[in-house]
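As stored in structure25.cif (mmCIF, C-alpha atoms):
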```cif
data_coords
loop_
_atom_site.label_atom_id
_atom_site.label_comp_id
_atom_site.auth_asym_id
_atom_site.auth_seq_id
_atom_site.Cartn_x
_atom_site.Cartn_y
_atom_site.Cartn_z
CA MET C 1 -8.02 145.01 107.13
CA THR C 2 -5.44 143.53 109.43
CA THR C 3 -6.02 139.87 110.21
CA LEU C 4 -5.38 139.00 113.81
CA VAL C 5 -3.64 135.84 114.92
CA LYS C 6 -6.19 133.24 115.97
CA PRO C 7 -5.69 129.69 117.21
CA ALA C 8 -6.74 126.89 114.92
CA PRO C 9 -9.93 125.23 116.13
CA ARG C 10 -9.04 122.35 118.46
CA ARG C 11 -12.40 120.62 118.54
CA MET C 12 -15.77 120.85 116.91
CA ARG C 13 -18.46 122.96 118.52
CA ARG C 14 -22.14 122.34 118.23
CA ARG C 15 -23.14 125.42 116.30
CA ALA C 16 -26.10 126.82 114.42
CA TYR C 17 -25.41 128.37 111.02
CA SER C 18 -27.59 130.43 108.72
CA GLY C 19 -29.68 128.87 105.99
CA LEU C 20 -30.70 125.24 105.59
CA GLY C 21 -28.08 123.93 107.99
CA ALA C 22 -29.45 126.05 110.80
CA THR C 23 -32.99 124.97 110.04
CA LEU C 24 -32.10 121.28 110.09
CA LEU C 25 -30.11 121.61 113.30
CA LEU C 26 -32.84 123.53 115.05
CA LEU C 27 -35.58 121.15 113.91
CA ALA C 28 -33.53 118.22 115.13
CA THR C 29 -33.07 119.95 118.46
CA ALA C 30 -36.73 120.87 118.78
CA CYS C 31 -37.89 117.34 117.93
CA GLY C 32 -35.26 115.51 119.94
CA GLY C 33 -36.07 113.42 122.98
CA GLY C 34 -35.32 114.23 126.58
CA ASP C 35 -36.34 116.99 128.92
CA GLY C 36 -36.76 120.61 127.95
CA ALA C 37 -34.00 123.04 128.73
CA GLY C 38 -35.82 125.00 131.38
CA ASP C 39 -37.46 122.23 133.41
CA ASP C 40 -36.22 120.43 136.49
CA GLY C 41 -36.08 116.92 134.99
CA ASP C 42 -33.16 114.53 134.78
CA GLY C 43 -31.80 115.10 131.28
CA PRO C 44 -29.21 117.58 130.02
CA ILE C 45 -29.85 121.27 130.55
CA LYS C 46 -29.73 123.23 127.30
CA VAL C 47 -27.92 126.56 127.48
CA GLY C 48 -27.35 129.04 124.67
CA SER C 49 -24.52 131.25 123.43
CA ILE C 50 -24.62 133.78 120.58
CA LEU C 51 -21.29 135.32 119.57
CA ASP C 52 -19.52 136.63 116.47
CA GLU C 53 -17.19 133.84 115.41
CA THR C 54 -16.88 135.10 111.85
CA GLY C 55 -16.85 138.58 110.35
CA PRO C 56 -14.87 141.60 111.60
CA LEU C 57 -15.95 141.12 115.22
CA ASN C 58 -14.53 137.61 115.44
CA ILE C 59 -11.36 139.18 116.84
CA TYR C 60 -13.36 139.23 120.07
CA GLY C 61 -15.76 136.36 119.47
CA THR C 62 -13.21 133.59 118.94
CA ALA C 63 -11.76 133.83 122.45
CA MET C 64 -15.22 134.30 123.96
CA ALA C 65 -16.51 131.17 122.21
CA ASP C 66 -13.45 129.24 123.38
CA ALA C 67 -14.09 130.45 126.93
CA THR C 68 -17.73 129.36 126.67
CA ASP C 69 -16.76 125.85 125.56
CA LEU C 70 -14.17 125.53 128.30
CA ALA C 71 -16.52 126.84 131.00
CA ILE C 72 -19.21 124.33 130.01
CA LYS C 73 -16.64 121.53 130.04
CA ASP C 74 -15.34 122.62 133.46
CA ILE C 75 -18.82 122.85 134.97
CA ASN C 76 -19.79 119.45 133.55
CA GLU C 77 -16.60 117.78 134.80
CA ASN C 78 -17.32 119.12 138.28
CA GLY C 79 -20.80 117.67 138.59
CA GLY C 80 -22.78 119.88 136.24
CA VAL C 81 -25.70 121.97 137.44
CA LEU C 82 -28.30 120.40 139.73
CA GLY C 83 -26.49 117.13 139.10
CA ARG C 84 -27.20 117.40 135.36
CA GLN C 85 -24.88 118.01 132.43
CA LEU C 86 -25.06 121.21 130.39
CA GLU C 87 -25.72 120.91 126.67
CA LEU C 88 -24.46 123.98 124.82
CA VAL C 89 -26.20 125.29 121.72
CA SER C 90 -23.92 127.86 120.04
CA TYR C 91 -24.86 130.31 117.31
CA ASP C 92 -22.47 132.30 115.13
CA ALA C 93 -24.06 135.70 114.52
CA GLN C 94 -21.41 136.45 111.87
CA SER C 95 -21.01 140.09 112.99
CA ASP C 96 -24.60 140.74 111.86
CA ASN C 97 -26.99 142.26 114.41
CA ALA C 98 -30.03 140.92 112.56
CA LYS C 99 -28.79 137.41 113.21
CA TYR C 100 -28.62 138.16 116.93
CA THR C 101 -32.35 138.79 116.93
CA GLN C 102 -32.98 135.71 114.79
CA TYR C 103 -30.87 133.40 116.95
CA ALA C 104 -32.15 134.82 120.23
CA ASN C 105 -35.67 133.91 119.10
CA GLN C 106 -34.55 130.45 118.03
CA ALA C 107 -32.67 129.82 121.27
CA ALA C 108 -35.62 130.89 123.40
CA GLN C 109 -38.53 129.46 121.41
CA ARG C 110 -37.17 126.37 119.65
CA ASP C 111 -34.28 125.25 121.84
CA GLN C 112 -35.85 126.61 125.04
CA VAL C 113 -32.48 127.23 126.67
CA ALA C 114 -32.34 127.76 130.42
CA VAL C 115 -30.03 130.74 130.04
CA LEU C 116 -28.76 132.75 127.09
CA MET C 117 -25.33 134.37 127.10
CA GLY C 118 -23.82 136.44 124.33
CA GLY C 119 -23.55 139.65 122.44
CA ILE C 120 -20.32 141.55 121.89
CA THR C 121 -21.15 145.06 120.77
CA SER C 122 -23.77 147.07 122.61
CA ALA C 123 -25.92 146.94 119.49
CA SER C 124 -25.91 143.14 119.59
CA ARG C 125 -26.81 143.22 123.28
CA GLU C 126 -29.79 145.42 122.48
CA ALA C 127 -30.83 142.95 119.77
CA ILE C 128 -30.87 140.08 122.29
CA ARG C 129 -32.18 141.80 125.40
CA PRO C 130 -35.84 142.45 124.43
CA VAL C 131 -36.19 138.97 122.94
CA ALA C 132 -34.86 137.37 126.12
CA ALA C 133 -37.15 139.53 128.27
CA ARG C 134 -40.30 138.69 126.27
CA SER C 135 -39.56 134.97 126.42
CA GLU C 136 -38.50 135.16 130.09
CA THR C 137 -35.16 133.60 129.18
CA LEU C 138 -32.49 134.70 131.63
CA TYR C 139 -29.79 136.71 129.82
CA PHE C 140 -26.14 137.34 130.67
CA TYR C 141 -24.10 139.98 128.80
CA ASN C 142 -20.45 139.15 129.48
CA GLU C 143 -18.62 142.01 127.80
CA GLN C 144 -17.15 145.38 128.65
CA TYR C 145 -19.64 148.10 127.72
CA GLU C 146 -20.73 151.72 128.24
CA GLY C 147 -22.81 150.96 131.34
CA GLY C 148 -26.23 151.87 132.65
CA VAL C 149 -28.41 148.92 131.60
CA CYS C 150 -31.03 148.26 134.28
CA ASP C 151 -33.21 145.25 133.46
CA LYS C 152 -34.57 142.54 135.79
CA ASN C 153 -33.89 139.80 133.22
CA THR C 154 -30.33 140.89 132.32
CA PHE C 155 -27.09 140.40 134.24
CA ASN C 156 -23.93 142.23 133.16
CA THR C 157 -20.55 140.76 134.12
CA GLY C 158 -18.37 142.99 131.96
CA VAL C 159 -16.50 146.02 133.23
CA VAL C 160 -18.30 149.39 133.03
CA PRO C 161 -16.98 152.98 132.80
CA SER C 162 -17.51 153.67 136.51
CA GLN C 163 -14.93 150.95 137.10
CA GLN C 164 -12.73 151.06 134.00
CA LEU C 165 -12.63 154.66 132.75
CA ALA C 166 -12.85 155.91 136.34
CA ALA C 167 -9.43 154.29 136.83
CA LEU C 168 -7.88 154.81 133.39
CA ILE C 169 -8.62 158.49 132.70
CA PRO C 170 -7.29 159.89 136.02
CA TYR C 171 -4.20 157.70 135.54
CA ALA C 172 -3.69 159.20 132.08
CA VAL C 173 -4.13 162.79 133.25
CA GLU C 174 -1.75 162.30 136.16
CA ASN C 175 0.95 160.46 134.23
CA PHE C 176 0.71 161.66 130.63
CA GLY C 177 -0.94 165.09 130.50
CA LYS C 178 -4.18 167.03 130.76
CA ASN C 179 -5.19 167.46 127.12
CA LEU C 180 -7.12 164.47 125.79
CA TYR C 181 -8.29 163.67 122.26
CA VAL C 182 -11.05 161.06 121.92
CA ILE C 183 -11.37 158.75 118.91
CA ALA C 184 -14.46 156.57 119.22
CA ALA C 185 -16.46 154.01 117.29
CA ASP C 186 -19.57 155.67 115.92
CA TYR C 187 -22.33 153.75 117.67
CA ASN C 188 -23.79 153.71 121.18
CA TYR C 189 -20.71 152.27 122.89
CA GLY C 190 -18.36 154.93 121.52
CA GLN C 191 -20.79 157.81 121.86
CA ILE C 192 -21.76 157.12 125.47
CA SER C 193 -18.22 156.20 126.52
CA ALA C 194 -16.95 159.49 125.09
CA SER C 195 -19.26 161.28 127.52
CA TRP C 196 -17.77 159.26 130.37
CA VAL C 197 -14.26 160.26 129.27
CA GLU C 198 -15.23 163.94 129.41
CA LYS C 199 -16.66 163.49 132.91
CA TYR C 200 -13.63 161.68 134.34
CA ALA C 201 -11.16 163.98 132.57
CA GLU C 202 -12.80 167.06 134.05
CA GLU C 203 -12.89 165.51 137.54
CA ALA C 204 -9.17 164.72 137.24
CA GLY C 205 -8.25 168.26 136.16
CA GLY C 206 -7.96 167.52 132.45
CA SER C 207 -10.10 168.27 129.41
CA VAL C 208 -11.13 166.73 126.10
CA VAL C 209 -9.93 168.98 123.28
CA GLU C 210 -11.71 167.08 120.51
CA SER C 211 -13.83 163.98 119.91
CA GLU C 212 -14.10 162.14 116.59
CA PHE C 213 -16.49 159.29 115.82
CA ILE C 214 -15.45 156.68 113.28
CA PRO C 215 -17.80 154.24 111.47
CA LEU C 216 -17.08 150.59 112.23
CA GLU C 217 -16.35 149.88 108.57
CA SER C 218 -13.65 152.58 108.30
CA SER C 219 -9.97 151.66 108.14
CA ASP C 220 -8.48 154.86 106.67
CA PHE C 221 -7.44 157.19 109.47
CA GLY C 222 -5.54 159.73 107.39
CA SER C 223 -7.76 162.65 108.37
CA VAL C 224 -7.62 161.63 112.03
CA ILE C 225 -3.82 161.53 111.91
CA ASN C 226 -3.80 165.02 110.38
CA SER C 227 -6.11 166.31 113.11
CA LEU C 228 -3.92 164.81 115.83
CA GLN C 229 -0.83 166.41 114.32
CA ALA C 230 -2.58 169.78 114.41
CA ALA C 231 -4.13 169.44 117.87
CA LYS C 232 -1.02 168.02 119.60
CA PRO C 233 -2.86 166.46 122.57
CA ASP C 234 -1.00 164.80 125.42
CA VAL C 235 -3.21 161.74 125.35
CA VAL C 236 -5.29 159.95 122.73
CA VAL C 237 -8.22 158.03 124.22
CA SER C 238 -9.10 155.24 121.81
CA LEU C 239 -12.65 153.91 122.00
CA LEU C 240 -12.23 152.06 118.71
CA VAL C 241 -13.85 148.68 118.08
CA GLY C 242 -13.46 145.83 115.59
CA GLY C 243 -11.03 144.53 113.01
CA ASN C 244 -11.17 147.55 110.70
CA HIS C 245 -10.17 149.97 113.45
CA ILE C 246 -6.89 148.18 114.16
CA ALA C 247 -5.44 150.13 111.25
CA PHE C 248 -5.47 153.27 113.41
CA TYR C 249 -2.70 152.05 115.70
CA ARG C 250 -0.42 151.18 112.80
CA GLN C 251 -1.05 154.51 111.06
CA PHE C 252 -0.52 156.36 114.35
CA ALA C 253 2.91 154.75 114.84
CA SER C 254 3.85 155.15 111.18
CA ALA C 255 3.26 158.90 111.46
CA GLY C 256 5.58 159.04 114.48
CA LEU C 257 2.85 160.25 116.80
CA ASP C 258 3.75 157.59 119.35
CA GLN C 259 6.84 159.68 120.11
CA SER C 260 4.88 162.74 121.24
CA MET C 261 1.57 161.50 122.65
CA LYS C 262 0.28 158.49 124.55
CA ILE C 263 -2.65 156.22 123.76
CA VAL C 264 -4.90 154.92 126.50
CA SER C 265 -7.78 152.64 125.64
CA PRO C 266 -10.52 150.60 127.34
CA THR C 267 -10.82 148.38 124.23
CA PHE C 268 -7.23 147.80 123.08
CA GLY C 269 -6.27 144.19 123.76
CA LEU C 270 -9.78 142.73 123.76
CA GLY C 271 -9.12 141.61 120.18
CA ASN C 272 -5.45 140.73 120.75
CA GLU C 273 -4.30 143.87 118.97
CA GLN C 274 -1.09 143.75 121.00
CA VAL C 275 -0.30 140.34 119.46
CA VAL C 276 -0.50 141.55 115.86
CA LEU C 277 0.93 145.04 116.31
CA SER C 278 3.53 144.19 118.98
CA ASP C 279 6.23 146.84 118.40
CA GLU C 280 3.68 149.46 117.31
CA ALA C 281 1.66 148.80 120.46
CA VAL C 282 4.42 149.41 123.00
CA GLY C 283 3.24 151.71 125.77
CA ILE C 284 -0.48 151.66 124.96
CA THR C 285 -2.21 151.61 128.34
CA GLY C 286 -5.47 149.93 129.27
CA ALA C 287 -7.53 149.00 132.32
CA PHE C 288 -9.30 145.67 132.67
CA PRO C 289 -10.36 143.24 135.36
CA TYR C 290 -8.17 140.62 133.69
CA PHE C 291 -4.77 140.46 132.07
CA GLN C 292 -3.21 137.09 131.28
CA GLU C 293 -0.16 138.15 133.31
CA ILE C 294 -2.05 138.40 136.63
CA GLU C 295 -0.25 136.31 139.23
CA SER C 296 -2.71 134.28 141.31
CA GLU C 297 -3.52 130.64 141.92
CA PRO C 298 -6.99 130.84 140.27
CA ASN C 299 -5.42 132.40 137.15
CA THR C 300 -2.67 129.78 137.04
CA GLN C 301 -5.28 127.03 137.19
CA PHE C 302 -7.41 128.77 134.56
CA LEU C 303 -4.48 129.16 132.16
CA ASP C 304 -3.40 125.54 132.71
CA MET C 305 -6.90 124.39 131.71
CA TRP C 306 -6.96 126.80 128.78
CA HIS C 307 -3.63 125.73 127.30
CA THR C 308 -4.36 122.05 127.89
CA GLU C 309 -7.51 122.49 125.85
CA TYR C 310 -6.29 124.88 123.15
CA GLY C 311 -2.51 124.49 123.09
CA ASP C 312 0.45 126.44 124.39
CA ASP C 313 0.55 128.48 121.17
CA TYR C 314 -2.75 130.24 121.91
CA PRO C 315 -1.93 133.93 121.25
CA TYR C 316 -3.31 135.55 124.42
CA VAL C 317 -6.26 135.00 126.75
CA THR C 318 -8.30 138.19 126.79
CA ASP C 319 -10.35 139.98 129.42
CA SER C 320 -13.47 139.10 127.44
CA ALA C 321 -12.62 135.41 127.72
CA ALA C 322 -12.23 135.68 131.49
CA THR C 323 -15.50 137.60 131.79
CA VAL C 324 -17.37 134.92 129.84
CA TRP C 325 -15.83 132.28 132.13
CA ASN C 326 -17.04 134.23 135.16
CA GLY C 327 -20.54 134.61 133.74
CA TRP C 328 -21.10 130.90 133.24
CA HIS C 329 -19.77 130.03 136.68
CA LEU C 330 -21.83 132.72 138.43
CA TRP C 331 -24.96 131.38 136.76
CA ALA C 332 -24.09 127.79 137.72
CA GLU C 333 -23.45 128.83 141.33
CA ALA C 334 -26.82 130.59 141.49
CA VAL C 335 -28.80 127.70 139.97
CA ASN C 336 -27.23 125.20 142.35
CA ALA C 337 -27.99 127.49 145.29
CA ALA C 338 -31.59 127.94 144.10
CA GLY C 339 -32.01 124.21 143.62
CA SER C 340 -34.05 124.94 140.53
CA LEU C 341 -33.91 126.33 136.99
CA ASP C 342 -36.92 128.53 137.71
CA ARG C 343 -35.96 131.97 136.43
CA ASP C 344 -37.31 133.92 139.39
CA ALA C 345 -35.59 131.61 141.87
CA VAL C 346 -32.28 131.96 140.04
CA ILE C 347 -32.63 135.75 139.86
CA GLU C 348 -33.27 135.82 143.61
CA GLU C 349 -30.04 133.90 144.23
CA LEU C 350 -28.07 136.13 141.87
CA GLU C 351 -29.44 139.20 143.64
CA SER C 352 -28.37 137.79 147.00
CA GLY C 353 -24.75 138.56 146.04
CA VAL C 354 -23.38 135.31 144.63
CA SER C 355 -19.56 135.31 144.29
CA PHE C 356 -17.01 133.38 142.25
CA ASP C 357 -13.22 133.27 142.58
CA GLY C 358 -12.16 133.54 138.95
CA PRO C 359 -8.95 134.26 137.06
CA SER C 360 -9.37 138.03 137.55
CA GLY C 361 -10.01 137.67 141.29
CA THR C 362 -13.21 137.50 143.29
CA VAL C 363 -16.26 138.58 141.28
CA THR C 364 -19.45 139.36 143.21
CA LEU C 365 -22.89 140.11 141.80
CA ASP C 366 -24.25 143.40 143.09
CA GLY C 367 -27.89 142.41 143.53
CA PRO C 368 -29.71 145.72 143.01
CA SER C 369 -27.76 146.77 139.90
CA HIS C 370 -27.24 143.33 138.26
CA HIS C 371 -23.59 144.26 137.64
CA VAL C 372 -20.46 142.93 139.34
CA VAL C 373 -17.95 144.13 141.90
CA GLN C 374 -14.51 143.19 140.59
CA ASN C 375 -10.82 144.07 140.52
CA ILE C 376 -9.47 146.63 138.04
CA ALA C 377 -5.87 146.42 136.85
CA ILE C 378 -3.95 148.96 134.77
CA GLY C 379 -1.59 147.45 132.24
CA GLU C 380 0.76 148.62 129.50
CA ALA C 381 1.52 146.82 126.23
CA ASN C 382 5.06 145.52 126.56
CA GLY C 383 6.08 144.83 122.95
CA GLN C 384 6.19 141.09 123.68
CA LYS C 385 2.59 140.42 122.62
CA GLY C 386 1.34 140.97 126.15
CA PHE C 387 1.03 143.50 128.95
CA GLU C 388 2.88 144.57 132.05
CA VAL C 389 0.44 144.89 134.95
CA LEU C 390 1.26 148.19 136.67
CA SER C 391 -1.31 148.29 139.48
CA THR C 392 -4.51 146.64 140.70
CA GLU C 393 -7.41 148.01 142.72
CA GLU C 394 -9.50 145.32 144.38
CA SER C 395 -13.27 145.03 144.69
CA VAL C 396 -14.23 148.06 142.60
CA PRO C 397 -18.02 148.57 142.60
CA PRO C 398 -20.10 149.55 139.55
CA ALA C 399 -20.67 152.93 141.18
CA PHE C 400 -22.89 154.57 138.55
CA GLU C 401 -25.09 151.51 138.21
CA GLN C 402 -25.45 151.30 141.99
CA GLU C 403 -26.52 154.95 142.02
CA VAL C 404 -29.21 154.73 139.35
CA CYS C 405 -30.43 151.12 139.37
CA ASP C 406 -32.15 149.17 142.15
CA LEU C 407 -33.92 146.19 140.65
CA VAL C 408 -34.64 144.68 144.07
CA SER C 409 -36.75 147.66 145.11
CA GLU C 410 -37.97 148.56 141.59
CA PRO C 411 -38.07 145.29 139.62
CA ASP C 412 -40.11 146.75 136.74
CA THR C 413 -37.32 149.14 135.69
CA ASN C 414 -36.16 148.48 132.14
CA GLU C 415 -33.95 151.18 130.67
CA GLN C 416 -30.39 152.24 130.04
CA PHE C 417 -29.30 155.17 132.19
CA LEU C 418 -26.86 157.66 130.67
CA PRO C 419 -24.20 159.84 132.31
#
```

Encoding of this model in structure tokens:
Amino acid sequence: MTTLVKPAPRRMRRRAYSGLGATLLLLATACGGGDGAGDDGDGPIKVGSILDETGPLNIYGTAMADATDLAIKDINENGGVLGRQLELVSYDAQSDNAKYTQYANQAAQRDQVAVLMGGITSASREAIRPVAARSETLYFYNEQYEGGVCDKNTFNTGVVPSQQLAALIPYAVENFGKNLYVIAADYNYGQISASWVEKYAEEAGGSVVESEFIPLESSDFGSVINSLQAAKPDVVVSLLVGGNHIAFYRQFASAGLDQSMKIVSPTFGLGNEQVVLSDEAVGITGAFPYFQEIESEPNTQFLDMWHTEYGDDYPYVTDSAATVWNGWHLWAEAVNAAGSLDRDAVIEELESGVSFDGPSGTVTLDGPSHHVVQNIAIGEANGQKGFEVLSTEESVPPAFEQEVCDLVSEPDTNEQFLP
């Protein structure tokens, strides 16, 4: 498995680990003095984060945890929430979905956090979501995903296919060719996203010639390379996820396929693949709300804070990091507007269309769908461990979610709609 470049930890986080250490930390938290997390007292407000900081998914989780820490620090230095400081309780789920369920229960029941943010894969989101709903703990999922979740207690700030793939696939068909070959992670994200690719390819005048689904633990792509050599598509759509799947890009370039077909991907770069692969990544095209190279005053300020905190040698600030940053600030804006930590009052403020000017541009909660309206940029890996931003479309709505989900009119809806 390729090991991605990560920054050395710059400061200690308060974190819950498995085993005895977690038990002691959680007992200390539960028995500690001060106000509870969800009340409107005068003490610190406890908030929770569950991410994969170890294991194969830490290629995403490290930057997301760093963004969480920095967002909490920024909010606290600017007056906190309701005039109170935030106290972050972080859990490392270690790329284990069972630990997401365990820690979601601990965060809600023992630590009684006012809000819970976290999850990386869709499977981890689905481990957290029912726990948060049962405990009436407000939940934010701040990661790109396959779309369609409609749940009164859940807010989704990550980009969805009706924003991301709706931009990327027509761009690929127009610029690279009509025959597409899909390689996807074999779980709900990859399976559902592959259906979205077929839809947007057909609408753009292209077609998917083949789809292959790869287990997350796989790193040998020899048979996939052979299939690509036989099929000769114009475009490879990579829906691969996690540290093991990085091997595909290296094997693809080693076979010389990068000379005859293009890769587009809605996941490439979220784990800093372009930093490790560099030369082998040249020309891979993605679409995200955020690239580090975006030129704007909010992004300049964000990057200045980031590098002051974590050093100028930080490899690359990812879209996932920016989305986490947005999530925390949107929640803080809503709580301050509500004047209370009461969950229903905060949901009402979020549904009113709260906005935040973040590093990716203005992000606005779409009240009925609980998703966000945000900018979408198309970028191409430049061989210098970053991306060249080719174009940006502003204020792109989560069109599918708006079509199928109206939690203002139908607040009891709790399902994931599929294309």

Shell of 7 Å around region 117-129 of chain C, only C-alpha atoms, local chain residues under 2 positions omitted, as a PyMOL selection string: chain C and resi 48-51+97+100-101+104+115+131-133+139-143+145+188-189

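As for CA of Leu341 (chain C) and CA of Gln112 (chain C), they are spaced 12.1 Å apart.
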
Mind giving me the axis-aligned box for region 139-142 of chain C with 4 Å on every side, centre plus edges in Å to one decimal, as JSON?
```
{"center_x": -25.1, "center_y": 138.3, "center_z": 129.7, "size_x": 17.3, "size_y": 11.3, "size_z": 9.9}
```

Spell out the residues picked by the PyMOL selection byres ((chain C and resi 194) around 8) here, as a PyMOL selection string. chain C and resi 182+184+190-193+195-198+211+239

Restricting the calculation to all atoms listed in the file: of C:Gln85, C:Ser352, C:Ser391, C:Thr137, which residue gets closest to Ala287 (chain C)?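 Answer, going by the shortest atom-to-atom distance: C:Ser391.
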
For Leu82 (chain C), which of C:Ser340, C:Thr157, C:Ser260, C:Ser320 is the closest residue, counting only C-alpha atoms? C:Ser340

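CA of Thr285 (chain C) to CA of Gly379 (chain C) spans 5.7 Å [interatomic distance, one decimal].
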
Quick one: residues within 12 Å of Asn175 (chain C), all atoms listed in the file counted, chain neighbours fewer than 6 positions away excluded, as a list of chain:residue names?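 Those residues are C:Leu168, C:Ile169, C:Ala204, C:Gly206, C:Asp234, C:Val235, C:Met261, C:Lys262, C:Ile263, C:Val264, C:Thr285.
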
Please evaluate the PyMOL selection byres ((chain C and resi 52-57) around 10) against the structure above and give the resulting residues as number ranges by chain. C: 1-3, 50-51, 58-66, 91-97, 99-100, 118-121, 124, 216-217, 241-245, 271

Store the residues of this selection in a file with C-alpha atoms, as a short mmCIF file (atom, residue, chain, number, x, y, z; two decimals), in the frame of the given file.
```cif
data_model
loop_
_atom_site.label_atom_id
_atom_site.label_comp_id
_atom_site.auth_asym_id
_atom_site.auth_seq_id
_atom_site.Cartn_x
_atom_site.Cartn_y
_atom_site.Cartn_z
CA MET C 1 -8.02 145.01 107.13
CA THR C 2 -5.44 143.53 109.43
CA THR C 3 -6.02 139.87 110.21
CA ILE C 50 -24.62 133.78 120.58
CA LEU C 51 -21.29 135.32 119.57
CA ASN C 58 -14.53 137.61 115.44
CA ILE C 59 -11.36 139.18 116.84
CA TYR C 60 -13.36 139.23 120.07
CA GLY C 61 -15.76 136.36 119.47
CA THR C 62 -13.21 133.59 118.94
CA ALA C 63 -11.76 133.83 122.45
CA MET C 64 -15.22 134.30 123.96
CA ALA C 65 -16.51 131.17 122.21
CA ASP C 66 -13.45 129.24 123.38
CA TYR C 91 -24.86 130.31 117.31
CA ASP C 92 -22.47 132.30 115.13
CA ALA C 93 -24.06 135.70 114.52
CA GLN C 94 -21.41 136.45 111.87
CA SER C 95 -21.01 140.09 112.99
CA ASP C 96 -24.60 140.74 111.86
CA ASN C 97 -26.99 142.26 114.41
CA LYS C 99 -28.79 137.41 113.21
CA TYR C 100 -28.62 138.16 116.93
CA GLY C 118 -23.82 136.44 124.33
CA GLY C 119 -23.55 139.65 122.44
CA ILE C 120 -20.32 141.55 121.89
CA THR C 121 -21.15 145.06 120.77
CA SER C 124 -25.91 143.14 119.59
CA LEU C 216 -17.08 150.59 112.23
CA GLU C 217 -16.35 149.88 108.57
CA VAL C 241 -13.85 148.68 118.08
CA GLY C 242 -13.46 145.83 115.59
CA GLY C 243 -11.03 144.53 113.01
CA ASN C 244 -11.17 147.55 110.70
CA HIS C 245 -10.17 149.97 113.45
CA GLY C 271 -9.12 141.61 120.18
#
```

When you look at Thr413 (chain C) with a cut-off of 12 Å (counting all atoms listed in the file), what residues show up, excluding the ones that are within fewer than 5 positions of it in the same chain? I need them as number ranges by chain. C: 148-154, 368-370, 404-408

Return the single residue from C:Val324, C:Ala255, C:Val173, C:Ala108 that is closest to Ala67 (chain C), with distances computed using all atoms listed in the file.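 Ranking C:Val324, C:Ala255, C:Val173, C:Ala108 by distance to Ala67 (chain C), first place goes to C:Val324.
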
Measuring atom to atom with all atoms listed in the file, identify which of C:Asp74, C:Asp69, C:Glu394, C:Glu309 is nearest to Val373 (chain C).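 Of C:Asp74, C:Asp69, C:Glu394, C:Glu309, the one nearest Val373 (chain C), counting all atoms listed in the file, is C:Glu394.
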
So, with only C-alpha atoms as the atoms that count, which of C:Gln144, C:Ser223, C:Gln292, C:Thr362 lies closest to Tyr316 (chain C)?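 Once distances to Tyr316 (chain C) are computed over only C-alpha atoms, the minimum belongs to C:Gln292.
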
Please compute the CA of Ala172 (chain C)-CA of Ala377 (chain C) distance, one decimal, in Å. 13.8 Å

Find, counting only C-alpha atoms, the residue in C:Asn375, C:Gln384, C:Ser238, C:Asn414 that gets nearest to Pro398 (chain C).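 For Pro398 (chain C), the nearest of the candidates is C:Asn375.
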